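Heads up, the thing below is written out as structure tokens.
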Amino acid sequence: MLIDKIKERFGEKVVIFEKNSHRVFIETGKDNAKELVRYMFRDLGARFSIASGVDTRPAVEILYHMAFDKHDLILTVRVEVEKPSLEMPTFSDFMPAAEWIEREIYEMFGVNFIGHPKLETLLLPDDWPQGVYPLRKNTFDSEKENKEI
Amino acid sequence: MAKETLIPIGPYHPLLEEPEFFKFYVEGEKIVDADVRVGYNHRGIEKLAESKTFEQDVFLVERICGICSTSHPFAMVRAAEDVSGIKVPERAQYIRTIIGDLERIHSHLLWIGLAGHFIGYNTVFMWAWKYREPVLDIFEVISGNRNHYGMFKVGGVRRDIENAQVPGLLKAIGDVEKFCAMLTRAVMDDPMIQARLKNIGILKKQDALDLCVVGPVARASGVDIDVRRDHPYAAYGKVEWKTIVLQNGDVFDKAAVRLLECQESARIIRQCLEKMPAGEIDAGVREVGVGEGIGQHEAPRGEVIHYIKANGSNFPERHKIRAPSFMNVPSFKKTVIGQSIADAALITAAVDPCYCCTERMAVLEQGTDKVLLTGEELVRLSQQKMEQMRR
């Protein structure tokens, strides 16, 4: 029912993959993601569970896990953010719960959340070197290579 | 305008089990603004998990948190099982439920004890911690350990509960239930505790929804969510219990939710011990498969969620961990502003923050010309307020 509503409203803009009756993944473009998440959060009554960043090497995927507690369902919105610009609009303006996780994705993957009220390090120390993003796949590659030599 | 003073709490502070740096800006005794700096416990566990096998990861995530040590393995094995739909034997589901809810009792009692200490009510502290001991003893009987039980594995559990142990466990859990009921009445009926905890640090329902807080913090503010009921898993759908939801959102309700939940947890455990079917405890999983999986568990502090991306190898491609305190701690800004500084420590502690979970993964900010209050002084302030009320 929820998924039909999303299909009806977003049509071609979303690609829906139903893994099973409790887990559904929705792929969408960067431009539609905000509207889609806002629709889920404000109109469909979803709870923002968390966002995960995943480094796929050419891009960083951000997965917004939206929990629908009344329907025993987690809808995951998958957005691809291309390197090297890595720009993504912030969702914290309509969903304050996203503020911390956006800071975490910013420091761990280097994704720049446009419009975020306080985009600074959350977990890493203040003197963490700039441009070192620990959860990117290639961050510590050079160290490994050095060891092998 | 009155002079604004900054009062730092932390990073090391007797009230906080772990390092965290709260900054409170006060005018007189009233808090006008607040900020927090986390990250002192960051250990890079998400990165580390990518270099360990799924088998090892269960042990790794168990070490994220010392209090709710089983919540992360619970969520993690569920995420791994979700990747390719692994079925877990019935008996293992019941054992998982027993471990998960025993942990809730011991974690809630620990918090009640600490909260009692903060308000200068050491009797509550002594009682709660005394009654927490038998719970740890039950853990020892079942798993061999009082903490870090090492019970979970992908596809089942590592140790069985023998039938000969069940009568002893039933008696022990019956005693725990009685203790909890007594403690709940003693705490909730106490006029001093009511006077001290009611109407401070209120988190409104709308704020709770906006900030997506979870667990007892949400349920004390009238947000009726509980992963155990909403997304039934393990044996939670097969036993009778009810979700505790209160409306005021103040520190008293947060305490009451936790106390009442202890009794519900004892009920769950008792029914599980009685109903547990015979059979295998392990599905004998050879590989996790390829794909993505999400696992949730209602930890004592709220929903834990793990996301695993598996590429067919023995190692996760990505392992995202979100602990309940990550969502709950940011609510302090809504609850603490406008309150008196004597209550600040108690209000920030009322979300039962668990920093090592939040950070999974230090540098002290330089203070400028600020008037300092040490941690001991803050606890003393809080205890003094109680004394004044007693008189």
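Just remember, in the structure tokens the first chain shown is A, the second B, etc., residues are 1-based per chain, and ligands are 1-based in the order shown.
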
Give me, as a Markdown table, the closest atom pair and its distance (Å, one decimal) for every residue of chain B within a cut-off of 7 Å of chain A, counting only C-alpha atoms, rows sorted by chain and rising number.
```
| residue | atom | partner | partner_atom | distance |
| --- | --- | --- | --- | --- |
| B:Val38 | CA | A:Leu123 | CA | 5.9 |
| B:Gly39 | CA | A:Leu123 | CA | 3.8 |
| B:His42 | CA | A:Leu123 | CA | 6.3 |
| B:Lys47 | CA | A:Leu135 | CA | 6.2 |
| B:Asp210 | CA | A:Pro96 | CA | 6.1 |
| B:Leu211 | CA | A:Ala97 | CA | 4.3 |
| B:Cys212 | CA | A:Ala97 | CA | 5.8 |
| B:Ile225 | CA | A:Asp69 | CA | 6.9 |
| B:Asp230 | CA | A:Asp69 | CA | 5.3 |
| B:His231 | CA | A:Asp72 | CA | 4.8 |
| B:Arg318 | CA | A:Val54 | CA | 6.6 |
| B:Lys320 | CA | A:Ser52 | CA | 6.2 |
| B:Met327 | CA | A:Ala97 | CA | 6.9 |
| B:Glu359 | CA | A:Leu123 | CA | 6.4 |
| B:Ala362 | CA | A:Pro125 | CA | 5.8 |
| B:Val363 | CA | A:Pro125 | CA | 5.9 |
```

Residue subset to file, keeping N, CA and C atoms, as an mmCIF file, in the first residue's frame:
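Just written: again_12.cif:
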```cif
data_model
loop_
_atom_site.group_PDB
_atom_site.id
_atom_site.type_symbol
_atom_site.label_atom_id
_atom_site.label_comp_id
_atom_site.auth_asym_id
_atom_site.auth_seq_id
_atom_site.Cartn_x
_atom_site.Cartn_y
_atom_site.Cartn_z
ATOM 1 N N VAL B 38 31.242 14.924 21.056
ATOM 2 C CA VAL B 38 31.432 13.484 21.259
ATOM 3 C C VAL B 38 32.693 13.060 20.514
ATOM 4 N N GLY B 39 33.016 11.807 20.601
ATOM 5 C CA GLY B 39 34.143 11.311 19.807
ATOM 6 C C GLY B 39 35.330 10.856 20.623
ATOM 7 N N HIS B 42 35.945 7.034 20.109
ATOM 8 C CA HIS B 42 35.875 6.499 18.752
ATOM 9 C C HIS B 42 36.982 5.474 18.526
ATOM 10 N N LYS B 47 35.260 0.340 10.450
ATOM 11 C CA LYS B 47 36.364 0.079 9.519
ATOM 12 C C LYS B 47 36.990 -1.279 9.832
ATOM 13 N N ASP B 210 10.402 14.381 15.796
ATOM 14 C CA ASP B 210 11.331 15.053 14.877
ATOM 15 C C ASP B 210 12.741 14.501 15.011
ATOM 16 N N LEU B 211 13.139 14.259 16.259
ATOM 17 C CA LEU B 211 14.504 13.789 16.492
ATOM 18 C C LEU B 211 14.620 12.274 16.338
ATOM 19 N N CYS B 212 13.482 11.628 16.104
ATOM 20 C CA CYS B 212 13.459 10.172 15.904
ATOM 21 C C CYS B 212 14.140 9.432 17.047
ATOM 22 N N ILE B 225 6.577 3.172 20.184
ATOM 23 C CA ILE B 225 7.358 2.316 19.277
ATOM 24 C C ILE B 225 8.164 1.313 20.091
ATOM 25 N N ASP B 230 6.774 -4.098 16.964
ATOM 26 C CA ASP B 230 6.484 -3.577 15.626
ATOM 27 C C ASP B 230 7.114 -4.405 14.517
ATOM 28 N N HIS B 231 8.285 -4.931 14.770
ATOM 29 C CA HIS B 231 8.947 -5.774 13.762
ATOM 30 C C HIS B 231 9.258 -7.110 14.436
ATOM 31 N N ARG B 318 30.677 -3.725 3.746
ATOM 32 C CA ARG B 318 30.397 -2.540 4.566
ATOM 33 C C ARG B 318 29.551 -3.002 5.742
ATOM 34 N N LYS B 320 27.533 -1.118 8.724
ATOM 35 C CA LYS B 320 27.141 0.128 9.379
ATOM 36 C C LYS B 320 26.446 -0.214 10.701
ATOM 37 N N MET B 327 20.780 8.423 18.377
ATOM 38 C CA MET B 327 19.557 9.188 18.144
ATOM 39 C C MET B 327 19.093 9.889 19.426
ATOM 40 N N GLU B 359 29.796 6.043 19.449
ATOM 41 C CA GLU B 359 31.004 6.383 18.695
ATOM 42 C C GLU B 359 31.625 5.199 18.004
ATOM 43 N N ALA B 362 41.594 11.923 21.293
ATOM 44 C CA ALA B 362 40.854 12.967 22.027
ATOM 45 C C ALA B 362 41.719 14.188 22.279
ATOM 46 N N VAL B 363 40.799 14.833 21.836
ATOM 47 C CA VAL B 363 41.462 16.119 22.013
ATOM 48 C C VAL B 363 40.528 17.028 22.796
#
```

Residues of region 146-334 of chain B in helix (DSSP H, G or I) according to DSSP, as a PyMOL selection string? chain B and resi 163-188+191-197+205-210+215-220+227-230+236-238+251-275+324-334

Using only C-alpha atoms, which of the listed residues (A:Glu18, A:Glu120, A:Ile3, A:Gly110) sits closest to Ser85 (chain A)? A:Gly110

Who sits within 9 Å of Ala75 (chain B), only C-alpha atoms, same chain under 4 positions skipped, as a PyMOL selection string: chain B and resi 70-71+79-80+294-298+304-307

Within 8 Å of Tyr133 (chain A), counting only C-alpha atoms, which residues qualify if same-chain residues fewer than 6 places away don't, as number ranges by chain? A: 107-110, 139

Dump N, CA, C and O atoms for the selected residues as a PDB file, in the first residue's frame?
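Output file part_32.pdb follows:
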```pdb
ATOM      1  N   GLU A 107      32.456  13.388   7.612  1.00  0.00           N
ATOM      2  CA  GLU A 107      33.842  13.176   8.042  1.00  0.00           C
ATOM      3  C   GLU A 107      34.398  11.813   7.616  1.00  0.00           C
ATOM      4  O   GLU A 107      35.584  11.662   7.415  1.00  0.00           O
ATOM      5  N   MET A 108      33.509  10.829   7.459  1.00  0.00           N
ATOM      6  CA  MET A 108      33.978   9.488   7.115  1.00  0.00           C
ATOM      7  C   MET A 108      34.140   9.293   5.602  1.00  0.00           C
ATOM      8  O   MET A 108      34.956   8.508   5.168  1.00  0.00           O
ATOM      9  N   PHE A 109      33.313   9.973   4.803  1.00  0.00           N
ATOM     10  CA  PHE A 109      33.350   9.777   3.350  1.00  0.00           C
ATOM     11  C   PHE A 109      33.640  11.062   2.582  1.00  0.00           C
ATOM     12  O   PHE A 109      33.865  11.019   1.386  1.00  0.00           O
ATOM     13  N   GLY A 110      33.558  12.202   3.232  1.00  0.00           N
ATOM     14  CA  GLY A 110      33.788  13.461   2.544  1.00  0.00           C
ATOM     15  C   GLY A 110      32.613  13.956   1.739  1.00  0.00           C
ATOM     16  O   GLY A 110      32.788  14.762   0.832  1.00  0.00           O
ATOM     17  N   THR A 139      41.416   4.730   1.331  1.00  0.00           N
ATOM     18  CA  THR A 139      42.102   5.657   2.223  1.00  0.00           C
ATOM     19  C   THR A 139      43.418   5.106   2.742  1.00  0.00           C
ATOM     20  O   THR A 139      44.418   5.798   2.781  1.00  0.00           O
TER      21      THR A 139
END
```

Determine, counting only C-alpha atoms, which protein, DNA and RNA residues have an atom within 10 Å of an atom of Met192 (chain B); residues of the same chain fewer than 2 positions away are not included. Present the result as a PDB file with all heavy atoms, in the first residue's frame.
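This went into selection_18.pdb:
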```
ATOM      1  N   TYR B 121      20.212   9.848  46.583  1.00  0.00           N
ATOM      2  CA  TYR B 121      19.341   8.875  47.207  1.00  0.00           C
ATOM      3  C   TYR B 121      20.046   7.524  47.110  1.00  0.00           C
ATOM      4  O   TYR B 121      19.734   6.685  46.282  1.00  0.00           O
ATOM      5  CB  TYR B 121      18.015   8.828  46.443  1.00  0.00           C
ATOM      6  CG  TYR B 121      16.833   8.476  47.297  1.00  0.00           C
ATOM      7  CD1 TYR B 121      15.656   9.209  47.234  1.00  0.00           C
ATOM      8  CD2 TYR B 121      16.883   7.378  48.170  1.00  0.00           C
ATOM      9  CE1 TYR B 121      14.572   8.896  48.023  1.00  0.00           C
ATOM     10  CE2 TYR B 121      15.802   7.060  48.961  1.00  0.00           C
ATOM     11  CZ  TYR B 121      14.649   7.823  48.879  1.00  0.00           C
ATOM     12  OH  TYR B 121      13.576   7.501  49.653  1.00  0.00           O
ATOM     13  N   VAL B 187      10.122   3.156  44.441  1.00  0.00           N
ATOM     14  CA  VAL B 187      10.631   4.359  43.774  1.00  0.00           C
ATOM     15  C   VAL B 187       9.471   5.251  43.325  1.00  0.00           C
ATOM     16  O   VAL B 187       9.473   6.463  43.534  1.00  0.00           O
ATOM     17  CB  VAL B 187      11.537   3.971  42.584  1.00  0.00           C
ATOM     18  CG1 VAL B 187      11.869   5.194  41.745  1.00  0.00           C
ATOM     19  CG2 VAL B 187      12.817   3.314  43.081  1.00  0.00           C
ATOM     20  N   MET B 188       8.450   4.639  42.719  1.00  0.00           N
ATOM     21  CA  MET B 188       7.397   5.469  42.135  1.00  0.00           C
ATOM     22  C   MET B 188       6.478   6.096  43.176  1.00  0.00           C
ATOM     23  O   MET B 188       5.861   7.120  42.913  1.00  0.00           O
ATOM     24  CB  MET B 188       6.599   4.657  41.118  1.00  0.00           C
ATOM     25  CG  MET B 188       7.435   4.421  39.864  1.00  0.00           C
ATOM     26  SD  MET B 188       6.635   3.393  38.648  1.00  0.00           S
ATOM     27  CE  MET B 188       5.245   4.376  38.175  1.00  0.00           C
ATOM     28  N   ASP B 189       6.395   5.481  44.343  1.00  0.00           N
ATOM     29  CA  ASP B 189       5.529   6.051  45.378  1.00  0.00           C
ATOM     30  C   ASP B 189       6.252   7.042  46.279  1.00  0.00           C
ATOM     31  O   ASP B 189       5.630   7.697  47.106  1.00  0.00           O
ATOM     32  CB  ASP B 189       4.946   4.926  46.265  1.00  0.00           C
ATOM     33  CG  ASP B 189       3.949   4.089  45.483  1.00  0.00           C
ATOM     34  OD1 ASP B 189       3.563   4.539  44.397  1.00  0.00           O
ATOM     35  OD2 ASP B 189       3.575   3.007  45.961  1.00  0.00           O
ATOM     36  N   ASP B 190       7.565   7.130  46.129  1.00  0.00           N
ATOM     37  CA  ASP B 190       8.322   7.985  47.030  1.00  0.00           C
ATOM     38  C   ASP B 190       8.055   9.461  46.727  1.00  0.00           C
ATOM     39  O   ASP B 190       8.326   9.938  45.621  1.00  0.00           O
ATOM     40  CB  ASP B 190       9.812   7.680  46.857  1.00  0.00           C
ATOM     41  CG  ASP B 190      10.656   8.338  47.917  1.00  0.00           C
ATOM     42  OD1 ASP B 190      10.535   9.576  48.097  1.00  0.00           O
ATOM     43  OD2 ASP B 190      11.420   7.634  48.570  1.00  0.00           O
ATOM     44  N   GLN B 194       9.411  11.791  43.518  1.00  0.00           N
ATOM     45  CA  GLN B 194       8.433  12.443  42.632  1.00  0.00           C
ATOM     46  C   GLN B 194       8.701  13.937  42.550  1.00  0.00           C
ATOM     47  O   GLN B 194       8.705  14.527  41.472  1.00  0.00           O
ATOM     48  CB  GLN B 194       7.024  12.206  43.167  1.00  0.00           C
ATOM     49  CG  GLN B 194       6.598  10.769  42.997  1.00  0.00           C
ATOM     50  CD  GLN B 194       5.112  10.609  43.161  1.00  0.00           C
ATOM     51  OE1 GLN B 194       4.380  11.587  43.236  1.00  0.00           O
ATOM     52  NE2 GLN B 194       4.644   9.372  43.205  1.00  0.00           N
ATOM     53  N   ALA B 195       8.947  14.545  43.716  1.00  0.00           N
ATOM     54  CA  ALA B 195       9.168  15.992  43.743  1.00  0.00           C
ATOM     55  C   ALA B 195      10.427  16.361  42.980  1.00  0.00           C
ATOM     56  O   ALA B 195      10.516  17.414  42.355  1.00  0.00           O
ATOM     57  CB  ALA B 195       9.276  16.468  45.193  1.00  0.00           C
ATOM     58  N   ARG B 196      11.395  15.472  43.021  1.00  0.00           N
ATOM     59  CA  ARG B 196      12.693  15.771  42.413  1.00  0.00           C
ATOM     60  C   ARG B 196      12.702  15.508  40.904  1.00  0.00           C
ATOM     61  O   ARG B 196      13.410  16.209  40.173  1.00  0.00           O
ATOM     62  CB  ARG B 196      13.747  14.909  43.121  1.00  0.00           C
ATOM     63  CG  ARG B 196      15.166  15.167  42.729  1.00  0.00           C
ATOM     64  CD  ARG B 196      15.651  16.480  43.312  1.00  0.00           C
ATOM     65  NE  ARG B 196      17.053  16.658  43.012  1.00  0.00           N
ATOM     66  CZ  ARG B 196      17.516  17.058  41.832  1.00  0.00           C
ATOM     67  NH1 ARG B 196      16.670  17.342  40.889  1.00  0.00           N
ATOM     68  NH2 ARG B 196      18.798  17.178  41.625  1.00  0.00           N
ATOM     69  N   LEU B 197      11.993  14.497  40.455  1.00  0.00           N
ATOM     70  CA  LEU B 197      12.113  14.083  39.050  1.00  0.00           C
ATOM     71  C   LEU B 197      10.965  14.546  38.160  1.00  0.00           C
ATOM     72  O   LEU B 197      11.115  14.594  36.944  1.00  0.00           O
ATOM     73  CB  LEU B 197      12.224  12.556  38.932  1.00  0.00           C
ATOM     74  CG  LEU B 197      13.372  11.864  39.652  1.00  0.00           C
ATOM     75  CD1 LEU B 197      13.430  10.404  39.261  1.00  0.00           C
ATOM     76  CD2 LEU B 197      14.710  12.510  39.321  1.00  0.00           C
ATOM     77  N   MET B 386      18.350  17.987  46.693  1.00  0.00           N
ATOM     78  CA  MET B 386      17.545  16.943  47.331  1.00  0.00           C
ATOM     79  C   MET B 386      17.465  17.197  48.832  1.00  0.00           C
ATOM     80  O   MET B 386      16.396  17.098  49.431  1.00  0.00           O
ATOM     81  CB  MET B 386      18.196  15.591  47.048  1.00  0.00           C
ATOM     82  CG  MET B 386      17.346  14.430  47.457  1.00  0.00           C
ATOM     83  SD  MET B 386      15.993  14.185  46.309  1.00  0.00           S
ATOM     84  CE  MET B 386      15.361  12.643  46.904  1.00  0.00           C
ATOM     85  N   GLU B 387      18.611  17.529  49.431  1.00  0.00           N
ATOM     86  CA  GLU B 387      18.655  17.786  50.871  1.00  0.00           C
ATOM     87  C   GLU B 387      17.697  18.911  51.254  1.00  0.00           C
ATOM     88  O   GLU B 387      16.930  18.818  52.195  1.00  0.00           O
ATOM     89  CB  GLU B 387      20.086  18.155  51.299  1.00  0.00           C
ATOM     90  CG  GLU B 387      20.982  16.958  51.564  1.00  0.00           C
ATOM     91  CD  GLU B 387      20.416  16.022  52.618  1.00  0.00           C
ATOM     92  OE1 GLU B 387      19.995  16.534  53.673  1.00  0.00           O
ATOM     93  OE2 GLU B 387      20.368  14.812  52.376  1.00  0.00           O
ATOM     94  N   MET B 389      15.128  19.894  49.710  1.00  0.00           N
ATOM     95  CA  MET B 389      13.737  19.489  49.565  1.00  0.00           C
ATOM     96  C   MET B 389      13.297  18.620  50.728  1.00  0.00           C
ATOM     97  O   MET B 389      12.145  18.658  51.143  1.00  0.00           O
ATOM     98  CB  MET B 389      13.548  18.733  48.248  1.00  0.00           C
ATOM     99  CG  MET B 389      13.625  19.649  47.047  1.00  0.00           C
ATOM    100  SD  MET B 389      13.744  18.721  45.542  1.00  0.00           S
ATOM    101  CE  MET B 389      12.052  18.598  45.097  1.00  0.00           C
ATOM    102  N   ARG B 390      14.258  17.825  51.226  1.00  0.00           N
ATOM    103  CA  ARG B 390      13.917  16.958  52.348  1.00  0.00           C
ATOM    104  C   ARG B 390      13.501  17.780  53.562  1.00  0.00           C
ATOM    105  O   ARG B 390      12.636  17.396  54.313  1.00  0.00           O
ATOM    106  CB  ARG B 390      15.131  16.097  52.732  1.00  0.00           C
ATOM    107  CG  ARG B 390      15.264  14.857  51.879  1.00  0.00           C
ATOM    108  CD  ARG B 390      15.973  13.755  52.645  1.00  0.00           C
ATOM    109  NE  ARG B 390      16.151  12.592  51.782  1.00  0.00           N
ATOM    110  CZ  ARG B 390      17.303  12.251  51.205  1.00  0.00           C
ATOM    111  NH1 ARG B 390      18.375  12.962  51.425  1.00  0.00           N
ATOM    112  NH2 ARG B 390      17.373  11.193  50.430  1.00  0.00           N
TER     113      ARG B 390
END
```

Do a neighbour search on Lys7 (chain A) at 12 Å with only C-alpha atoms, toss out local chain neighbours closer than 5 positions, and write the hits as an MDAnalysis selection string. chainID A and resid 1:2 12:17 26:28 36

Atomic distance CA of Ile105 (chain B) - CA of Val245 (chain B), expressed in Å with one decimal: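 Separation of CA of Ile105 (chain B) and CA of Val245 (chain B): 17.1 Å.
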
Where does DSSP see strand (DSSP E or B) in chain A, if you list the residues as a VMD selection string? chain A and resid 14 to 20 23 to 28 47 to 55 59 to 68 73 to 82 87 to 89 112 to 114

Could you tell me how far CA of Pro89 (chain A) lies from CA of Phe332 (chain B), in Å and to one decimal?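 Pair CA of Pro89 (chain A) / CA of Phe332 (chain B) returns 25.6 Å.
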
When you count only C-alpha atoms, which of these residues is closest to Tyr40 (chain B): B:Gly10, B:Ile64, B:Gly249, B:Met182?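 Using only C-alpha atoms, Tyr40 (chain B) sits closest to B:Gly10.
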
Please identify all polymer residues within 7 Å of region 171-179 of chain B, counting only C-alpha atoms, omitting same-chain residues fewer than 2 positions from it, and present them as a list of chain:residue names.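 My list of contacting residues is B:Tyr131, B:Pro167, B:Gly168, B:Leu169, B:Ala181, B:Met182, B:Leu183, B:Gln263, B:Ala266, B:Arg270.
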
For the residues in that selection, give me all heavy atoms as a PDB file, in the first residue's frame.
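Ended up saving to selection-v7.pdb:
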```pdb
ATOM      1  N   TYR B 131      19.896  -5.948  43.558  1.00  0.00           N
ATOM      2  CA  TYR B 131      18.992  -6.825  42.828  1.00  0.00           C
ATOM      3  C   TYR B 131      19.469  -7.094  41.415  1.00  0.00           C
ATOM      4  O   TYR B 131      18.926  -7.948  40.722  1.00  0.00           O
ATOM      5  CB  TYR B 131      17.577  -6.235  42.818  1.00  0.00           C
ATOM      6  CG  TYR B 131      17.010  -6.103  44.210  1.00  0.00           C
ATOM      7  CD1 TYR B 131      16.268  -5.003  44.596  1.00  0.00           C
ATOM      8  CD2 TYR B 131      17.265  -7.101  45.161  1.00  0.00           C
ATOM      9  CE1 TYR B 131      15.779  -4.887  45.881  1.00  0.00           C
ATOM     10  CE2 TYR B 131      16.790  -6.989  46.449  1.00  0.00           C
ATOM     11  CZ  TYR B 131      16.046  -5.883  46.810  1.00  0.00           C
ATOM     12  OH  TYR B 131      15.582  -5.771  48.078  1.00  0.00           O
ATOM     13  N   PRO B 167      14.337 -25.348  35.956  1.00  0.00           N
ATOM     14  CA  PRO B 167      13.647 -25.028  37.215  1.00  0.00           C
ATOM     15  C   PRO B 167      14.393 -23.989  38.053  1.00  0.00           C
ATOM     16  O   PRO B 167      13.777 -23.065  38.596  1.00  0.00           O
ATOM     17  CB  PRO B 167      13.585 -26.381  37.935  1.00  0.00           C
ATOM     18  CG  PRO B 167      13.759 -27.408  36.875  1.00  0.00           C
ATOM     19  CD  PRO B 167      14.604 -26.795  35.826  1.00  0.00           C
ATOM     20  N   GLY B 168      15.718 -24.131  38.137  1.00  0.00           N
ATOM     21  CA  GLY B 168      16.519 -23.164  38.892  1.00  0.00           C
ATOM     22  C   GLY B 168      16.410 -21.766  38.309  1.00  0.00           C
ATOM     23  O   GLY B 168      16.263 -20.771  39.029  1.00  0.00           O
ATOM     24  N   LEU B 169      16.452 -21.690  36.980  1.00  0.00           N
ATOM     25  CA  LEU B 169      16.360 -20.385  36.311  1.00  0.00           C
ATOM     26  C   LEU B 169      14.988 -19.762  36.528  1.00  0.00           C
ATOM     27  O   LEU B 169      14.866 -18.556  36.743  1.00  0.00           O
ATOM     28  CB  LEU B 169      16.629 -20.540  34.814  1.00  0.00           C
ATOM     29  CG  LEU B 169      18.063 -20.893  34.421  1.00  0.00           C
ATOM     30  CD1 LEU B 169      18.145 -21.179  32.929  1.00  0.00           C
ATOM     31  CD2 LEU B 169      19.014 -19.762  34.779  1.00  0.00           C
ATOM     32  N   ALA B 181       9.306  -5.601  41.139  1.00  0.00           N
ATOM     33  CA  ALA B 181       7.997  -5.059  41.497  1.00  0.00           C
ATOM     34  C   ALA B 181       8.101  -4.234  42.777  1.00  0.00           C
ATOM     35  O   ALA B 181       7.547  -3.128  42.864  1.00  0.00           O
ATOM     36  CB  ALA B 181       7.002  -6.192  41.676  1.00  0.00           C
ATOM     37  N   MET B 182       8.864  -4.742  43.736  1.00  0.00           N
ATOM     38  CA  MET B 182       9.029  -4.031  45.006  1.00  0.00           C
ATOM     39  C   MET B 182       9.747  -2.700  44.780  1.00  0.00           C
ATOM     40  O   MET B 182       9.310  -1.658  45.246  1.00  0.00           O
ATOM     41  CB  MET B 182       9.815  -4.940  45.970  1.00  0.00           C
ATOM     42  CG  MET B 182       9.879  -4.479  47.390  1.00  0.00           C
ATOM     43  SD  MET B 182      11.212  -3.355  47.650  1.00  0.00           S
ATOM     44  CE  MET B 182      12.593  -4.476  47.627  1.00  0.00           C
ATOM     45  N   LEU B 183      10.837  -2.771  44.013  1.00  0.00           N
ATOM     46  CA  LEU B 183      11.630  -1.562  43.755  1.00  0.00           C
ATOM     47  C   LEU B 183      10.797  -0.522  42.995  1.00  0.00           C
ATOM     48  O   LEU B 183      10.860   0.675  43.286  1.00  0.00           O
ATOM     49  CB  LEU B 183      12.876  -1.942  42.949  1.00  0.00           C
ATOM     50  CG  LEU B 183      13.909  -0.844  42.720  1.00  0.00           C
ATOM     51  CD1 LEU B 183      14.581  -0.464  44.029  1.00  0.00           C
ATOM     52  CD2 LEU B 183      14.977  -1.289  41.727  1.00  0.00           C
ATOM     53  N   GLN B 263       9.812  -5.515  34.704  1.00  0.00           N
ATOM     54  CA  GLN B 263       8.847  -6.565  35.038  1.00  0.00           C
ATOM     55  C   GLN B 263       8.335  -7.274  33.795  1.00  0.00           C
ATOM     56  O   GLN B 263       8.146  -8.488  33.788  1.00  0.00           O
ATOM     57  CB  GLN B 263       7.677  -5.968  35.807  1.00  0.00           C
ATOM     58  CG  GLN B 263       8.084  -5.497  37.176  1.00  0.00           C
ATOM     59  CD  GLN B 263       6.939  -4.799  37.879  1.00  0.00           C
ATOM     60  OE1 GLN B 263       5.891  -5.368  38.087  1.00  0.00           O
ATOM     61  NE2 GLN B 263       7.151  -3.558  38.223  1.00  0.00           N
ATOM     62  N   ALA B 266      10.919  -9.668  32.686  1.00  0.00           N
ATOM     63  CA  ALA B 266      10.917 -10.889  33.503  1.00  0.00           C
ATOM     64  C   ALA B 266       9.799 -11.823  33.042  1.00  0.00           C
ATOM     65  O   ALA B 266       9.990 -13.037  32.971  1.00  0.00           O
ATOM     66  CB  ALA B 266      10.759 -10.523  34.976  1.00  0.00           C
ATOM     67  N   ARG B 270      10.325 -15.642  31.628  1.00  0.00           N
ATOM     68  CA  ARG B 270       9.656 -16.763  32.279  1.00  0.00           C
ATOM     69  C   ARG B 270       8.882 -17.586  31.246  1.00  0.00           C
ATOM     70  O   ARG B 270       9.004 -18.805  31.179  1.00  0.00           O
ATOM     71  CB  ARG B 270       8.715 -16.241  33.373  1.00  0.00           C
ATOM     72  CG  ARG B 270       8.124 -17.322  34.253  1.00  0.00           C
ATOM     73  CD  ARG B 270       7.648 -16.764  35.579  1.00  0.00           C
ATOM     74  NE  ARG B 270       7.080 -15.413  35.452  1.00  0.00           N
ATOM     75  CZ  ARG B 270       5.812 -15.146  35.129  1.00  0.00           C
ATOM     76  NH1 ARG B 270       4.977 -16.107  34.914  1.00  0.00           N
ATOM     77  NH2 ARG B 270       5.380 -13.910  35.037  1.00  0.00           N
TER      78      ARG B 270
END
```

So which one's closest to Glu87 (chain A), A:Tyr106, A:Asp31, A:Val132, A:Asn112? Using only C-alpha atoms, please.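 The answer is A:Asn112, which sits nearest to Glu87 (chain A).
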
To one decimal in Å, tell me the separation between CA of Ile193 (chain B) and CA of His108 (chain B).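 It comes out at 17.1 Å.
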